Amino acid sequence: MSIILKDLTARYGDTIVVNQVSLDIADGELFVLLGGSGSGKSTILRMIAGLTPPAGGSVEINGRDVTHLPPQARGTGVVFQNYSVFRHMTVADNVEFGLRIRRVPPAERHQRSTELLDLVGLGGLGARFPDQLSGGQQQRVALARALAYEPTVLLLDEPFSALDVKIRAQLRQSLKDIQRQLKVTAILVTHDQEEAFELADRIAVIERGYLMEVNTPELLYHEPRTEFAATFVGGGNVVVGRVAQGQIKLGDVRLPLPPDAPPHDEDAPIRLLFRPETVYVSATPPAEGSGIHTLGEARVCEEMFSGSQQRLRLEMRGFQDVRPLSPPPPYGRRIFHIDALQVSDRAVALNRPQPGDRVWVGLRGYHVLNPGGLKVLIAYADTPSGQAAATFGALLASAAGGLTALLGVTEGAQSAARSPLAELFSRGAETPASQSVTRETLEAVARRWPGGPSPRLTLKVREGAVAAEVLAEAQEGDYELVVLGRGQNGLGRVARQILERTETPVLLVREPRPQIARMLICTAVGEPGKTDVRFGGRVARRTRATVTVYHVAPPASAPWQRARITQHMAEAQAVLDALGVPAATKSEPHEPGNLVAAIIAEAEAGDYDLLVIGAPAQQHPGRLRWTDFASEIVRHTDVPVLVAPMMA
């Protein structure tokens, strides 16, 4: 292998921007790091180049560990987005710059720059200055300069993004030809999917610092493993149905379950991907024996003609138990949309469907994604509340069907070398020796797991302050839910520290419930209310619980406020209906200062197993901090409380 990355990690302060990325890149491969803005792809490239020091992991180039070597000792050439050519130098001097630094003789420098300028299509322009060149030509100069001293690896950080479409296409082809001719290993960073598909031998999809998936362009497009890759790469329709007697059930439609599909249990949710170009759209149903799987009739909602293609958005009907993931339905509306793409010829262009038309829809092909499920982190402490969190967390995690980690935190020799965040948490943190957790303790807890130890359960022990280590593990592992024990008289210091600093939903447990059959979602009008309905609905869907959505309003609400509440509750009902969650809504007034009392009274009257509350995006002057509100809720109830921040 030409390049090997092992657990490469980068941090800005205590925020992880690249999270334990491991990759093997072959000799002569053109490898693409594909991701959106802020995904961490450029940081990975800069760590390979030696421009950004890693916080952990290693970089190996041609069998040599270069993790701690300076950039000039790594044998890499770098091309940046902004050209980075020297304005006071001629084109030839720019190309020869690196060779001059390395004391290459003038004749050899001149020969090398002439060859490279011919190679990049700038032959005869060596005497010009950069301001006499177009942007595309300047980027060619930067490419020639990076290749001048024959680097082992060529690194390209979005080199074409500042150029217009036509020039980008020309330079992409030039780059591919040059890379193949020189047989140099190249890594390209881009957010442009067309660019990635056109150039890459393999593509790595990066999101929020995580390596989501790696594969060839063809397999990544047609057979992705993850929902993120399915919807990010190329765009696609993703819906959730059920497995029924060896088939895929989508409403009244039954589709064959492909023999190579990942294993799914009977009646388990199953996620189906079909690309827009595989959707059959016609005024007549598919012919018998055509190989097209009929879905039914639909209404054309949107139509866009772009010359060579026609894009349609179709509204399907009669799929009551099907949950669309992509394209996502608008909040509070039970709509099942499908995107379709047709190649346009003159006949299609003149007779294309228009908004409002009724058409028949079918599938020429589809792909089953890997099973999903909530990824849960259970923070275990050897205390009554910690044991309760493990018991109830295991119950929820088993129903959620995702990966689960059981985390224990202990103090030890490494605790002295803490990050600034860990030092902050360590001041008064609750980590007495009696609560320290060892792997043997976790193994004993795992043996009591529902149904026995699960292959989807991992055990982890970290050293340091409890809150800091739980937050670090939650971020590194990209968990969707953190389960904690809580204090007897409120949140407790650790829970408060975590809630104030995380964007991940947190489940607080003092006493476990034997089941999760009834949930109370306490909602407020606005974005936090949407978050707790959405996330609470996901948990209810997985645990098959029934839900009551509860809103407490001031008694003297104005008519427009009451209308807004009514609309919010109707939208919440629609969201839960779309998830297939049995739900009801309830709204009632309360006297000023009695909000917590009203919620607790409803929780006790309904004998709920789980209480869900939202966390506002920011504190409003003159109101309780939301952590104080959460503390008041947990102080007055033994029911487990799930706090869903607005970002969840």
# chains A, B, ... in the order shown; residues from 1 in each chain; ligands from 1
$ closest_atom_pairs --of "stretch 459-479 of chain A" --to "stretch 497-507 of chain A" --cutoff "8 Å" --atoms "only C-alpha atoms" --output "tab-separated table"
residue	atom	partner	partner_atom	distance
A:Ala467	CA	A:Ile498	CA	5.8
A:Ala468	CA	A:Ile498	CA	7.9
A:Val470	CA	A:Ile498	CA	7.8
A:Leu471	CA	A:Ile498	CA	6.6
A:Ala474	CA	A:Thr504	CA	7.9
A:Tyr479	CA	A:Thr504	CA	7.5
$ select_by_dssp --residues "stretch 299-356 of chain A" --states "strand (DSSP E)" --output "count of residues only"
27
$ closest_residue --among "A:Lys166, A:Lys375, A:His568, A:His367" --to "A:Ala230" --atoms "only C-alpha atoms"
A:His367
$ atom_distance --atom1 "atom CA of A:Val612" --atom2 "atom CA of A:Thr404"
20.7 Å
$ residues_around --residues "A:Leu396" --least-positions-apart "6" --cutoff "9 Å" --atoms "only C-alpha atoms" --output "PyMOL selection string"
chain A and resi 376+515-516+539+542-543
$ residues_around --residues "A:Ile167" --least-positions-apart "6" --cutoff "12 Å" --atoms "only C-alpha atoms" --output "number ranges by chain"
A: 134-140, 159-161, 173-174
$ closest_atom_pairs --of "stretch 286-373 of chain A" --to "stretch 237-251 of chain A" --cutoff "10 Å" --atoms "only C-alpha atoms" --output "JSON lines"
{"residue": "A:Leu295", "atom": "CA", "partner": "A:Leu250", "partner_atom": "CA", "distance": 8.6}
{"residue": "A:Arg317", "atom": "CA", "partner": "A:Gly251", "partner_atom": "CA", "distance": 9.6}
{"residue": "A:Gly318", "atom": "CA", "partner": "A:Gly251", "partner_atom": "CA", "distance": 6.8}
{"residue": "A:Phe319", "atom": "CA", "partner": "A:Gly251", "partner_atom": "CA", "distance": 4.6}
{"residue": "A:Gln320", "atom": "CA", "partner": "A:Gly251", "partner_atom": "CA", "distance": 6.1}
{"residue": "A:Asp321", "atom": "CA", "partner": "A:Gly251", "partner_atom": "CA", "distance": 5.7}
{"residue": "A:Val322", "atom": "CA", "partner": "A:Gly241", "partner_atom": "CA", "distance": 5.3}
{"residue": "A:Arg323", "atom": "CA", "partner": "A:Val240", "partner_atom": "CA", "distance": 5.0}
{"residue": "A:Pro324", "atom": "CA", "partner": "A:Val239", "partner_atom": "CA", "distance": 4.3}
{"residue": "A:Leu325", "atom": "CA", "partner": "A:Val238", "partner_atom": "CA", "distance": 5.3}
{"residue": "A:Ser326", "atom": "CA", "partner": "A:Val238", "partner_atom": "CA", "distance": 4.9}
{"residue": "A:Pro327", "atom": "CA", "partner": "A:Asn237", "partner_atom": "CA", "distance": 6.2}
{"residue": "A:Pro328", "atom": "CA", "partner": "A:Val238", "partner_atom": "CA", "distance": 9.0}
{"residue": "A:Phe336", "atom": "CA", "partner": "A:Val239", "partner_atom": "CA", "distance": 9.0}
{"residue": "A:His337", "atom": "CA", "partner": "A:Asn237", "partner_atom": "CA", "distance": 8.5}
{"residue": "A:Ile338", "atom": "CA", "partner": "A:Asn237", "partner_atom": "CA", "distance": 6.3}
{"residue": "A:Asp339", "atom": "CA", "partner": "A:Asn237", "partner_atom": "CA", "distance": 6.6}
{"residue": "A:Ala340", "atom": "CA", "partner": "A:Asn237", "partner_atom": "CA", "distance": 8.9}
{"residue": "A:Tyr366", "atom": "CA", "partner": "A:Asn237", "partner_atom": "CA", "distance": 9.6}
{"residue": "A:His367", "atom": "CA", "partner": "A:Val238", "partner_atom": "CA", "distance": 9.5}
{"residue": "A:Val368", "atom": "CA", "partner": "A:Val238", "partner_atom": "CA", "distance": 9.5}
{"residue": "A:Leu369", "atom": "CA", "partner": "A:Val238", "partner_atom": "CA", "distance": 9.1}
$ write_last_selection --atoms "N, CA, C and O atoms" --output "mmCIF file, in the first residue's frame"
data_model
loop_
_atom_site.group_PDB
_atom_site.id
_atom_site.type_symbol
_atom_site.label_atom_id
_atom_site.label_comp_id
_atom_site.auth_asym_id
_atom_site.auth_seq_id
_atom_site.Cartn_x
_atom_site.Cartn_y
_atom_site.Cartn_z
ATOM 1 N N LEU A 295 -45.771 -0.164 -8.163
ATOM 2 C CA LEU A 295 -46.077 0.422 -6.863
ATOM 3 C C LEU A 295 -47.503 0.969 -6.808
ATOM 4 O O LEU A 295 -48.142 0.952 -5.757
ATOM 5 N N ARG A 317 -49.859 7.435 -2.923
ATOM 6 C CA ARG A 317 -50.988 7.303 -1.995
ATOM 7 C C ARG A 317 -51.189 5.836 -1.656
ATOM 8 O O ARG A 317 -50.820 4.946 -2.419
ATOM 9 N N GLY A 318 -51.775 5.598 -0.473
ATOM 10 C CA GLY A 318 -52.090 4.231 -0.081
ATOM 11 C C GLY A 318 -50.953 3.486 0.581
ATOM 12 O O GLY A 318 -50.982 2.263 0.654
ATOM 13 N N PHE A 319 -49.931 4.204 1.074
ATOM 14 C CA PHE A 319 -48.801 3.551 1.735
ATOM 15 C C PHE A 319 -48.778 3.972 3.203
ATOM 16 O O PHE A 319 -47.865 4.638 3.671
ATOM 17 N N GLN A 320 -49.801 3.573 3.938
ATOM 18 C CA GLN A 320 -49.994 4.057 5.299
ATOM 19 C C GLN A 320 -48.902 3.594 6.253
ATOM 20 O O GLN A 320 -48.565 4.282 7.196
ATOM 21 N N ASP A 321 -48.346 2.395 6.030
ATOM 22 C CA ASP A 321 -47.353 1.877 6.973
ATOM 23 C C ASP A 321 -45.932 1.998 6.443
ATOM 24 O O ASP A 321 -45.015 1.354 6.934
ATOM 25 N N VAL A 322 -45.733 2.813 5.426
ATOM 26 C CA VAL A 322 -44.409 3.010 4.853
ATOM 27 C C VAL A 322 -43.875 4.359 5.309
ATOM 28 O O VAL A 322 -44.570 5.367 5.237
ATOM 29 N N ARG A 323 -42.628 4.359 5.775
ATOM 30 C CA ARG A 323 -42.031 5.605 6.267
ATOM 31 C C ARG A 323 -40.987 6.105 5.277
ATOM 32 O O ARG A 323 -39.958 5.451 5.074
ATOM 33 N N PRO A 324 -41.200 7.242 4.629
ATOM 34 C CA PRO A 324 -40.188 7.783 3.716
ATOM 35 C C PRO A 324 -39.058 8.457 4.490
ATOM 36 O O PRO A 324 -39.305 9.236 5.406
ATOM 37 N N LEU A 325 -37.820 8.141 4.128
ATOM 38 C CA LEU A 325 -36.658 8.798 4.719
ATOM 39 C C LEU A 325 -36.070 9.837 3.773
ATOM 40 O O LEU A 325 -35.593 10.872 4.207
ATOM 41 N N SER A 326 -36.086 9.546 2.496
ATOM 42 C CA SER A 326 -35.558 10.468 1.494
ATOM 43 C C SER A 326 -36.353 10.298 0.199
ATOM 44 O O SER A 326 -36.519 9.177 -0.265
ATOM 45 N N PRO A 327 -36.875 11.400 -0.365
ATOM 46 C CA PRO A 327 -36.847 12.754 0.199
ATOM 47 C C PRO A 327 -37.699 12.839 1.467
ATOM 48 O O PRO A 327 -38.772 12.214 1.523
ATOM 49 N N PRO A 328 -37.230 13.601 2.467
ATOM 50 C CA PRO A 328 -37.970 13.653 3.733
ATOM 51 C C PRO A 328 -39.260 14.439 3.586
ATOM 52 O O PRO A 328 -39.293 15.469 2.893
ATOM 53 N N PHE A 336 -45.881 10.915 1.045
ATOM 54 C CA PHE A 336 -44.888 9.955 0.578
ATOM 55 C C PHE A 336 -44.482 10.396 -0.827
ATOM 56 O O PHE A 336 -45.205 10.194 -1.788
ATOM 57 N N HIS A 337 -43.311 11.037 -0.911
ATOM 58 C CA HIS A 337 -42.819 11.530 -2.193
ATOM 59 C C HIS A 337 -41.788 10.563 -2.775
ATOM 60 O O HIS A 337 -41.016 9.935 -2.039
ATOM 61 N N ILE A 338 -41.758 10.488 -4.091
ATOM 62 C CA ILE A 338 -40.743 9.737 -4.821
ATOM 63 C C ILE A 338 -40.174 10.657 -5.893
ATOM 64 O O ILE A 338 -40.926 11.346 -6.595
ATOM 65 N N ASP A 339 -38.848 10.663 -6.017
ATOM 66 C CA ASP A 339 -38.196 11.410 -7.089
ATOM 67 C C ASP A 339 -37.922 10.463 -8.252
ATOM 68 O O ASP A 339 -37.421 9.351 -8.055
ATOM 69 N N ALA A 340 -38.239 10.912 -9.456
ATOM 70 C CA ALA A 340 -38.020 10.114 -10.662
ATOM 71 C C ALA A 340 -37.233 10.930 -11.670
ATOM 72 O O ALA A 340 -37.320 12.166 -11.711
ATOM 73 N N TYR A 366 -34.005 -2.136 -7.109
ATOM 74 C CA TYR A 366 -33.904 -1.550 -5.778
ATOM 75 C C TYR A 366 -32.803 -2.267 -5.017
ATOM 76 O O TYR A 366 -32.323 -3.337 -5.423
ATOM 77 N N HIS A 367 -32.401 -1.670 -3.913
ATOM 78 C CA HIS A 367 -31.292 -2.192 -3.111
ATOM 79 C C HIS A 367 -31.662 -2.102 -1.637
ATOM 80 O O HIS A 367 -32.216 -1.087 -1.192
ATOM 81 N N VAL A 368 -31.361 -3.158 -0.878
ATOM 82 C CA VAL A 368 -31.656 -3.201 0.551
ATOM 83 C C VAL A 368 -30.435 -2.730 1.341
ATOM 84 O O VAL A 368 -29.326 -3.268 1.169
ATOM 85 N N LEU A 369 -30.616 -1.730 2.186
ATOM 86 C CA LEU A 369 -29.525 -1.219 3.021
ATOM 87 C C LEU A 369 -29.345 -2.086 4.260
ATOM 88 O O LEU A 369 -30.227 -2.863 4.640
#
$ select_by_dssp --residues "stretch 371-592 of chain A" --states "alpha helix (DSSP H)" --output "short mmCIF file (atom, residue, chain, number, x, y, z; two decimals) with N, CA and C atoms, in the first residue's frame"
data_model
loop_
_atom_site.label_atom_id
_atom_site.label_comp_id
_atom_site.auth_asym_id
_atom_site.auth_seq_id
_atom_site.Cartn_x
_atom_site.Cartn_y
_atom_site.Cartn_z
N PRO A 384 -26.61 2.72 42.85
CA PRO A 384 -27.99 2.31 42.53
C PRO A 384 -28.53 2.94 41.26
N SER A 385 -28.29 4.26 41.07
CA SER A 385 -28.81 4.89 39.86
C SER A 385 -28.04 4.42 38.62
N GLY A 386 -26.74 4.15 38.76
CA GLY A 386 -25.96 3.63 37.64
C GLY A 386 -26.43 2.25 37.23
N GLN A 387 -26.74 1.41 38.21
CA GLN A 387 -27.26 0.08 37.91
C GLN A 387 -28.65 0.17 37.27
N ALA A 388 -29.47 1.12 37.74
CA ALA A 388 -30.79 1.32 37.14
C ALA A 388 -30.66 1.77 35.69
N ALA A 389 -29.69 2.66 35.41
CA ALA A 389 -29.46 3.12 34.04
C ALA A 389 -29.07 1.97 33.14
N ALA A 390 -28.23 1.06 33.65
CA ALA A 390 -27.82 -0.10 32.85
C ALA A 390 -28.99 -1.02 32.57
N THR A 391 -29.84 -1.23 33.56
CA THR A 391 -30.99 -2.13 33.39
C THR A 391 -31.99 -1.57 32.39
N PHE A 392 -32.37 -0.30 32.59
CA PHE A 392 -33.36 0.30 31.68
C PHE A 392 -32.74 0.58 30.32
N GLY A 393 -31.47 0.99 30.30
CA GLY A 393 -30.79 1.23 29.02
C GLY A 393 -30.68 -0.04 28.20
N ALA A 394 -30.43 -1.17 28.86
CA ALA A 394 -30.36 -2.46 28.14
C ALA A 394 -31.71 -2.80 27.54
N LEU A 395 -32.79 -2.52 28.28
CA LEU A 395 -34.13 -2.79 27.77
C LEU A 395 -34.40 -1.97 26.51
N LEU A 396 -34.06 -0.67 26.57
CA LEU A 396 -34.29 0.20 25.41
C LEU A 396 -33.37 -0.17 24.25
N ALA A 397 -32.09 -0.41 24.55
CA ALA A 397 -31.12 -0.71 23.49
C ALA A 397 -31.47 -2.00 22.77
N SER A 398 -31.94 -3.00 23.50
CA SER A 398 -32.32 -4.27 22.87
C SER A 398 -33.48 -4.07 21.91
N ALA A 399 -34.42 -3.22 22.30
CA ALA A 399 -35.56 -2.93 21.42
C ALA A 399 -35.14 -2.06 20.24
N ALA A 400 -34.17 -1.16 20.47
CA ALA A 400 -33.76 -0.22 19.42
C ALA A 400 -33.01 -0.91 18.30
N PRO A 420 -8.06 20.13 28.59
CA PRO A 420 -8.63 21.26 29.34
C PRO A 420 -10.08 21.01 29.74
N LEU A 421 -10.85 20.38 28.85
CA LEU A 421 -12.25 20.09 29.18
C LEU A 421 -12.33 19.12 30.35
N ALA A 422 -11.48 18.08 30.32
CA ALA A 422 -11.49 17.12 31.42
C ALA A 422 -11.08 17.79 32.72
N GLU A 423 -10.12 18.72 32.65
CA GLU A 423 -9.71 19.43 33.85
C GLU A 423 -10.88 20.24 34.41
N LEU A 424 -11.65 20.86 33.51
CA LEU A 424 -12.81 21.63 33.95
C LEU A 424 -13.80 20.72 34.67
N PHE A 425 -14.05 19.56 34.10
CA PHE A 425 -15.02 18.64 34.70
C PHE A 425 -14.50 18.04 36.00
N SER A 426 -13.17 17.93 36.11
CA SER A 426 -12.62 17.23 37.27
C SER A 426 -12.78 18.03 38.55
N ARG A 439 -13.27 -3.43 33.76
CA ARG A 439 -13.83 -4.26 32.69
C ARG A 439 -14.52 -5.48 33.27
N GLU A 440 -13.98 -6.02 34.37
CA GLU A 440 -14.62 -7.19 34.99
C GLU A 440 -16.03 -6.85 35.47
N THR A 441 -16.19 -5.62 35.99
CA THR A 441 -17.52 -5.19 36.42
C THR A 441 -18.47 -5.12 35.23
N LEU A 442 -18.00 -4.54 34.12
CA LEU A 442 -18.83 -4.44 32.93
C LEU A 442 -19.18 -5.81 32.37
N GLU A 443 -18.24 -6.74 32.41
CA GLU A 443 -18.52 -8.09 31.92
C GLU A 443 -19.62 -8.76 32.74
N ALA A 444 -19.63 -8.49 34.05
CA ALA A 444 -20.69 -9.04 34.89
C ALA A 444 -22.04 -8.43 34.53
N VAL A 445 -22.05 -7.12 34.24
CA VAL A 445 -23.29 -6.46 33.82
C VAL A 445 -23.76 -7.04 32.48
N ALA A 446 -22.83 -7.25 31.56
CA ALA A 446 -23.19 -7.76 30.23
C ALA A 446 -23.79 -9.16 30.31
N ARG A 447 -23.37 -9.95 31.30
CA ARG A 447 -23.93 -11.31 31.42
C ARG A 447 -25.40 -11.27 31.82
N VAL A 466 -15.72 11.70 35.07
CA VAL A 466 -16.85 10.99 34.47
C VAL A 466 -17.49 11.79 33.35
N ALA A 467 -17.88 13.03 33.62
CA ALA A 467 -18.59 13.82 32.61
C ALA A 467 -17.75 14.01 31.36
N ALA A 468 -16.47 14.33 31.53
CA ALA A 468 -15.59 14.55 30.38
C ALA A 468 -15.45 13.30 29.54
N GLU A 469 -15.30 12.14 30.20
CA GLU A 469 -15.09 10.90 29.45
C GLU A 469 -16.37 10.43 28.77
N VAL A 470 -17.51 10.63 29.40
CA VAL A 470 -18.78 10.28 28.75
C VAL A 470 -18.98 11.15 27.51
N LEU A 471 -18.73 12.45 27.63
CA LEU A 471 -18.87 13.35 26.48
C LEU A 471 -17.90 12.98 25.36
N ALA A 472 -16.67 12.66 25.72
CA ALA A 472 -15.68 12.30 24.71
C ALA A 472 -16.09 11.01 23.98
N GLU A 473 -16.54 10.02 24.72
CA GLU A 473 -16.97 8.75 24.11
C GLU A 473 -18.20 8.95 23.23
N ALA A 474 -19.13 9.79 23.69
CA ALA A 474 -20.34 10.05 22.91
C ALA A 474 -20.00 10.69 21.58
N GLN A 475 -19.03 11.60 21.59
CA GLN A 475 -18.64 12.27 20.35
C GLN A 475 -17.83 11.34 19.46
N GLU A 476 -16.87 10.63 20.03
CA GLU A 476 -16.02 9.75 19.23
C GLU A 476 -16.82 8.62 18.60
N ARG A 493 -24.52 16.39 39.60
CA ARG A 493 -23.50 17.21 38.98
C ARG A 493 -23.08 16.66 37.61
N VAL A 494 -22.86 15.36 37.52
CA VAL A 494 -22.38 14.77 36.27
C VAL A 494 -23.42 14.93 35.17
N ALA A 495 -24.68 14.60 35.46
CA ALA A 495 -25.73 14.73 34.46
C ALA A 495 -25.88 16.17 34.01
N ARG A 496 -25.79 17.12 34.94
CA ARG A 496 -25.92 18.53 34.57
C ARG A 496 -24.78 18.95 33.65
N GLN A 497 -23.55 18.56 33.98
CA GLN A 497 -22.40 18.92 33.15
C GLN A 497 -22.56 18.37 31.73
N ILE A 498 -23.06 17.14 31.63
CA ILE A 498 -23.23 16.53 30.31
C ILE A 498 -24.34 17.21 29.53
N LEU A 499 -25.47 17.45 30.17
CA LEU A 499 -26.60 18.08 29.48
C LEU A 499 -26.26 19.47 28.97
N GLU A 527 -39.38 24.94 17.40
CA GLU A 527 -38.43 23.93 16.95
C GLU A 527 -38.08 22.89 18.01
N PRO A 528 -37.85 23.27 19.31
CA PRO A 528 -37.59 22.23 20.31
C PRO A 528 -38.73 21.22 20.40
N GLY A 529 -39.97 21.70 20.22
CA GLY A 529 -41.10 20.79 20.25
C GLY A 529 -41.10 19.81 19.10
N LYS A 530 -40.61 20.25 17.94
CA LYS A 530 -40.50 19.34 16.81
C LYS A 530 -39.45 18.27 17.09
N THR A 531 -38.35 18.67 17.73
CA THR A 531 -37.28 17.72 18.00
C THR A 531 -37.74 16.62 18.94
N ASP A 532 -38.41 16.97 20.06
CA ASP A 532 -38.79 15.92 20.99
C ASP A 532 -39.85 15.00 20.40
N VAL A 533 -40.70 15.53 19.50
CA VAL A 533 -41.68 14.66 18.84
C VAL A 533 -40.98 13.70 17.88
N ARG A 534 -40.06 14.25 17.08
CA ARG A 534 -39.35 13.40 16.12
C ARG A 534 -38.55 12.30 16.82
N PHE A 535 -37.70 12.72 17.80
CA PHE A 535 -36.83 11.73 18.42
C PHE A 535 -37.64 10.79 19.32
N GLY A 536 -38.59 11.34 20.08
CA GLY A 536 -39.44 10.47 20.89
C GLY A 536 -40.19 9.48 20.03
N GLY A 537 -40.62 9.92 18.83
CA GLY A 537 -41.30 9.02 17.91
C GLY A 537 -40.39 7.90 17.43
N ARG A 538 -39.12 8.20 17.18
CA ARG A 538 -38.17 7.15 16.78
C ARG A 538 -38.04 6.10 17.87
N VAL A 539 -37.92 6.56 19.11
CA VAL A 539 -37.80 5.61 20.23
C VAL A 539 -39.08 4.78 20.36
N ALA A 540 -40.23 5.45 20.23
CA ALA A 540 -41.51 4.74 20.35
C ALA A 540 -41.67 3.72 19.23
N ARG A 541 -41.24 4.06 18.03
CA ARG A 541 -41.34 3.12 16.91
C ARG A 541 -40.52 1.87 17.19
N ARG A 542 -39.30 2.09 17.71
CA ARG A 542 -38.42 0.95 17.98
C ARG A 542 -38.94 0.09 19.14
N THR A 543 -39.47 0.73 20.17
CA THR A 543 -39.93 -0.02 21.35
C THR A 543 -41.39 -0.44 21.23
N PRO A 559 -56.16 34.19 20.84
CA PRO A 559 -56.67 33.29 19.80
C PRO A 559 -55.59 32.81 18.83
N TRP A 560 -54.69 33.71 18.43
CA TRP A 560 -53.65 33.29 17.49
C TRP A 560 -52.70 32.28 18.14
N GLN A 561 -52.48 32.41 19.47
CA GLN A 561 -51.65 31.44 20.17
C GLN A 561 -52.33 30.08 20.24
N ARG A 562 -53.63 30.09 20.51
CA ARG A 562 -54.36 28.83 20.56
C ARG A 562 -54.38 28.15 19.19
N ALA A 563 -54.50 28.95 18.13
CA ALA A 563 -54.48 28.39 16.78
C ALA A 563 -53.11 27.77 16.47
N ARG A 564 -52.06 28.43 16.95
CA ARG A 564 -50.70 27.90 16.72
C ARG A 564 -50.50 26.59 17.48
N ILE A 565 -51.03 26.52 18.69
CA ILE A 565 -50.93 25.28 19.47
C ILE A 565 -51.69 24.15 18.78
N THR A 566 -52.89 24.47 18.30
CA THR A 566 -53.69 23.45 17.61
C THR A 566 -52.95 22.92 16.39
N GLN A 567 -52.34 23.82 15.63
CA GLN A 567 -51.60 23.39 14.45
C GLN A 567 -50.40 22.53 14.85
N HIS A 568 -49.68 22.95 15.90
CA HIS A 568 -48.51 22.20 16.36
C HIS A 568 -48.90 20.78 16.78
N MET A 569 -49.99 20.64 17.49
CA MET A 569 -50.42 19.32 17.95
C MET A 569 -50.88 18.45 16.78
N ALA A 570 -51.54 19.06 15.81
CA ALA A 570 -51.95 18.30 14.62
C ALA A 570 -50.73 17.82 13.83
N GLU A 571 -49.71 18.67 13.74
CA GLU A 571 -48.48 18.27 13.04
C GLU A 571 -47.77 17.16 13.80
N ALA A 572 -47.74 17.24 15.13
CA ALA A 572 -47.13 16.18 15.93
C ALA A 572 -47.84 14.85 15.72
N GLN A 573 -49.17 14.90 15.70
CA GLN A 573 -49.95 13.69 15.44
C GLN A 573 -49.60 13.11 14.07
N ALA A 574 -49.47 13.97 13.07
CA ALA A 574 -49.16 13.50 11.72
C ALA A 574 -47.77 12.87 11.65
N VAL A 575 -46.79 13.46 12.35
CA VAL A 575 -45.43 12.89 12.37
C VAL A 575 -45.46 11.49 12.97
N LEU A 576 -46.15 11.31 14.08
CA LEU A 576 -46.19 10.01 14.74
C LEU A 576 -47.00 9.00 13.93
N ASP A 577 -48.05 9.47 13.28
CA ASP A 577 -48.81 8.59 12.39
C ASP A 577 -47.91 8.07 11.26
N ALA A 578 -47.10 8.97 10.69
CA ALA A 578 -46.21 8.57 9.61
C ALA A 578 -45.17 7.56 10.07
#
$ residues_around --residues "stretch 12-22 of chain A" --least-positions-apart "2" --cutoff "8 Å" --atoms "only C-alpha atoms" --output "PyMOL selection string"
chain A and resi 4-10+24+39-40+43-44+56-57+208-211+419-421+475-476
$ residues_around --residues "A:Arg364" --least-positions-apart "6" --cutoff "8 Å" --atoms "only C-alpha atoms" --output "PyMOL selection string"
chain A and resi 278-280+291-293
$ residues_around --residues "stretch 352-360 of chain A" --least-positions-apart "3" --cutoff "6 Å" --atoms "only C-alpha atoms" --output "number ranges by chain"
A: 281-285, 296-302, 348-349
$ closest_residue --among "A:Asp27, A:Leu255, A:Asn82, A:Ser587" --to "A:Arg180" --atoms "only C-alpha atoms"
A:Asp27
$ closest_residue --among "A:Leu407, A:Ala49, A:Met89, A:Val104" --to "A:Leu377" --atoms "only C-alpha atoms"
A:Leu407
$ atom_distance --atom1 "atom CA of A:Ser42" --atom2 "atom CA of A:Asn94"
24.1 Å
$ atom_distance --atom1 "atom CA of A:Thr637" --atom2 "atom CA of A:Ile600"
6.8 Å
$ closest_residue --among "A:Gly126, A:Val120, A:Val205, A:Arg448" --to "A:Leu182" --atoms "only C-alpha atoms"
A:Val120
